[in-house]
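What follows is one structure encoded as structure tokens, with my remarks underneath.
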Amino acid sequence: GVLGEALIERLLYCGFNVSAYNRTKHKLEKLILKGVRPIESLDKAFVCEQKIWVLCLRDEKSIREVFSCEKIIEALKLNKFLIINTSTIGPKGSARLEGFFKEFNVEYIELPVSGGIEGALSGQLVGYIGNYPKYLRREFDFVLRSLFKGHCLMQSNQAAQAMKVVNNYCESINLVVAAEALLLAETYGISKEVIGGSLGLGRGRSVYLELLLER
């Protein structure tokens, strides 16, 4: 998807060697031109040297579908992998996936992100990180510095997903209020140019208002 593509572009910009798999193969064409190595089949990919995998899928069901192949499961059991999930799946989905991956030889870390495509491309994302072993931190910290302007280490994977859901609630409320403010200004016959030039000057300005004014 669009966020996964932005994450890959940022990792390439930061000097990482990136291999990528997408269930819809033609979506990788643009990234291949930029230097991404396409993965034709995941069951072959999980026996190679790449040990850090970043998931950017729609939901828990999509993740399970990707890892449902018996060959992939066998490869996971034989090799030590770090799987980082950037998707927002909620705390209950996180608990189920953590149990799913625990059956294999996998370190599974939740890292739901906030900041959108623009944040991913510029390395200005915010992330909520499930707790992870200290021995992984040196390698993992380089990934964090490349993608995030700020992150918070939570006490568990479930807490990381819960905080992302809470953040989504806060963003939604602020976006609704900002949208209502713009509509109200328009009902008074104020032009879009004047709204854009003046509404951000007062104390009511916010990140969400600026986002909507821009669009």
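Chain labels follow the order of the structure tokens: the first chain is A, the next B, and so on; residue numbering restarts at 1 in every chain, and ligands are counted from 1 in their shown order.
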
Can you list, as a PyMOL selection string, every residue of range 20-169 of chain A that DSSP puts in strand (DSSP E or B)? chain A and resi 20+37-38+52-55+81-85+106-110+113-114+125-129+148-153

For Ile117 in chain A, find every residue with an atom within 8 Å (counting only C-alpha atoms), except residues of its own chain fewer than 3 positions away, and show them as a PyMOL selection string. chain A and resi 2-3+6+120-121

Restricted to all heavy atoms, what would the selected residues look like written as a PDB file, in the first residue's frame?
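Result file selection_35.pdb:
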```pdb
ATOM      1  N   VAL A   2       0.207   2.422   0.107  1.00  0.00           N
ATOM      2  CA  VAL A   2       0.927   3.687  -0.021  1.00  0.00           C
ATOM      3  C   VAL A   2       1.878   3.928   1.145  1.00  0.00           C
ATOM      4  O   VAL A   2       2.965   4.485   0.971  1.00  0.00           O
ATOM      5  CB  VAL A   2      -0.052   4.870  -0.167  1.00  0.00           C
ATOM      6  CG1 VAL A   2      -0.734   4.835  -1.519  1.00  0.00           C
ATOM      7  CG2 VAL A   2      -1.083   4.885   0.956  1.00  0.00           C
ATOM      8  N   LEU A   3       1.503   3.509   2.363  1.00  0.00           N
ATOM      9  CA  LEU A   3       2.406   3.702   3.501  1.00  0.00           C
ATOM     10  C   LEU A   3       3.608   2.782   3.397  1.00  0.00           C
ATOM     11  O   LEU A   3       4.745   3.198   3.644  1.00  0.00           O
ATOM     12  CB  LEU A   3       1.660   3.467   4.818  1.00  0.00           C
ATOM     13  CG  LEU A   3       2.519   3.661   6.074  1.00  0.00           C
ATOM     14  CD1 LEU A   3       3.059   5.085   6.172  1.00  0.00           C
ATOM     15  CD2 LEU A   3       1.734   3.314   7.338  1.00  0.00           C
ATOM     16  N   ALA A   6       6.032   4.205   1.001  1.00  0.00           N
ATOM     17  CA  ALA A   6       6.765   5.341   1.577  1.00  0.00           C
ATOM     18  C   ALA A   6       7.836   4.872   2.559  1.00  0.00           C
ATOM     19  O   ALA A   6       8.947   5.419   2.588  1.00  0.00           O
ATOM     20  CB  ALA A   6       5.786   6.286   2.268  1.00  0.00           C
ATOM     21  N   ALA A 120       6.450   9.328   6.765  1.00  0.00           N
ATOM     22  CA  ALA A 120       7.299   8.187   6.406  1.00  0.00           C
ATOM     23  C   ALA A 120       8.422   8.606   5.464  1.00  0.00           C
ATOM     24  O   ALA A 120       9.580   8.216   5.633  1.00  0.00           O
ATOM     25  CB  ALA A 120       6.449   7.089   5.768  1.00  0.00           C
ATOM     26  N   LEU A 121       8.091   9.404   4.465  1.00  0.00           N
ATOM     27  CA  LEU A 121       9.100   9.822   3.476  1.00  0.00           C
ATOM     28  C   LEU A 121      10.182  10.713   4.079  1.00  0.00           C
ATOM     29  O   LEU A 121      11.339  10.678   3.653  1.00  0.00           O
ATOM     30  CB  LEU A 121       8.416  10.552   2.317  1.00  0.00           C
ATOM     31  CG  LEU A 121       7.564   9.696   1.381  1.00  0.00           C
ATOM     32  CD1 LEU A 121       6.776  10.571   0.419  1.00  0.00           C
ATOM     33  CD2 LEU A 121       8.428   8.707   0.606  1.00  0.00           C
TER      34      LEU A 121
END
```

Shell around Ile39 in chain A at 7 Å using only C-alpha atoms, local window under 3 positions removed, as a CSV table (one decimal) with N, CA and C atoms, in the first residue's frame:
```csv
chain,number,residue,atom,x,y,z
A,19,SER,N,14.6,-5.7,0.4
A,19,SER,CA,13.9,-6.6,-0.4
A,19,SER,C,12.4,-6.5,-0.1
A,20,ALA,N,11.5,-6.7,-1.1
A,20,ALA,CA,10.1,-6.4,-0.8
A,20,ALA,C,9.2,-7.5,-1.5
A,21,TYR,N,8.1,-7.8,-0.8
A,21,TYR,CA,7.1,-8.7,-1.3
A,21,TYR,C,5.8,-8.0,-1.2
A,42,LEU,N,7.5,-15.9,-0.9
A,42,LEU,CA,7.9,-15.7,0.5
A,42,LEU,C,8.6,-17.0,1.0
A,45,ALA,N,12.1,-16.7,0.4
A,45,ALA,CA,12.7,-15.5,1.0
A,45,ALA,C,13.1,-15.8,2.5
```

Rank nothing, just name the residue among A:Leu182, A:Ala95, A:Ala75, A:Leu144 nearest to Asn157 in chain A, using only C-alpha atoms.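 Looking at the shortest contact to Asn157 in chain A, the residue is A:Ala95.
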
Within range 14-53 of chain A, find each residue whose DSSP state, derived from the backbone, is alpha helix (DSSP H), and express the selection as a list in words. Glu29, Lys30, Leu31, Ile32, Leu33, Leu42, Asp43, Lys44 and Ala45 of chain A

Output file for the residues above (C-alpha atoms, as a CSV table (one decimal), in the first residue's frame):
```
chain,number,residue,atom,x,y,z
A,29,GLU,CA,7.4,-2.1,-10.3
A,30,LYS,CA,8.2,1.6,-9.4
A,31,LEU,CA,10.2,0.5,-6.3
A,32,ILE,CA,12.2,-2.0,-8.3
A,33,LEU,CA,13.4,0.9,-10.5
A,42,LEU,CA,7.9,-15.7,0.5
A,43,ASP,CA,8.7,-19.3,1.2
A,44,LYS,CA,12.1,-18.9,-0.6
A,45,ALA,CA,12.7,-15.5,1.0
```

So what do you get for CA of Phe16 in chain A versus CA of Ser156 in chain A, distance-wise? 27.4 Å

For Ile63 in chain A, find every residue with an atom within 12 Å (counting only C-alpha atoms), except residues of its own chain fewer than 4 positions away, and show them as JSON, numbers by chain. {"A": [22, 23, 54, 55, 56, 57, 58, 59, 67, 68, 69, 83, 84, 85, 86, 87, 88, 89, 93, 94, 96, 97, 98, 100, 101]}
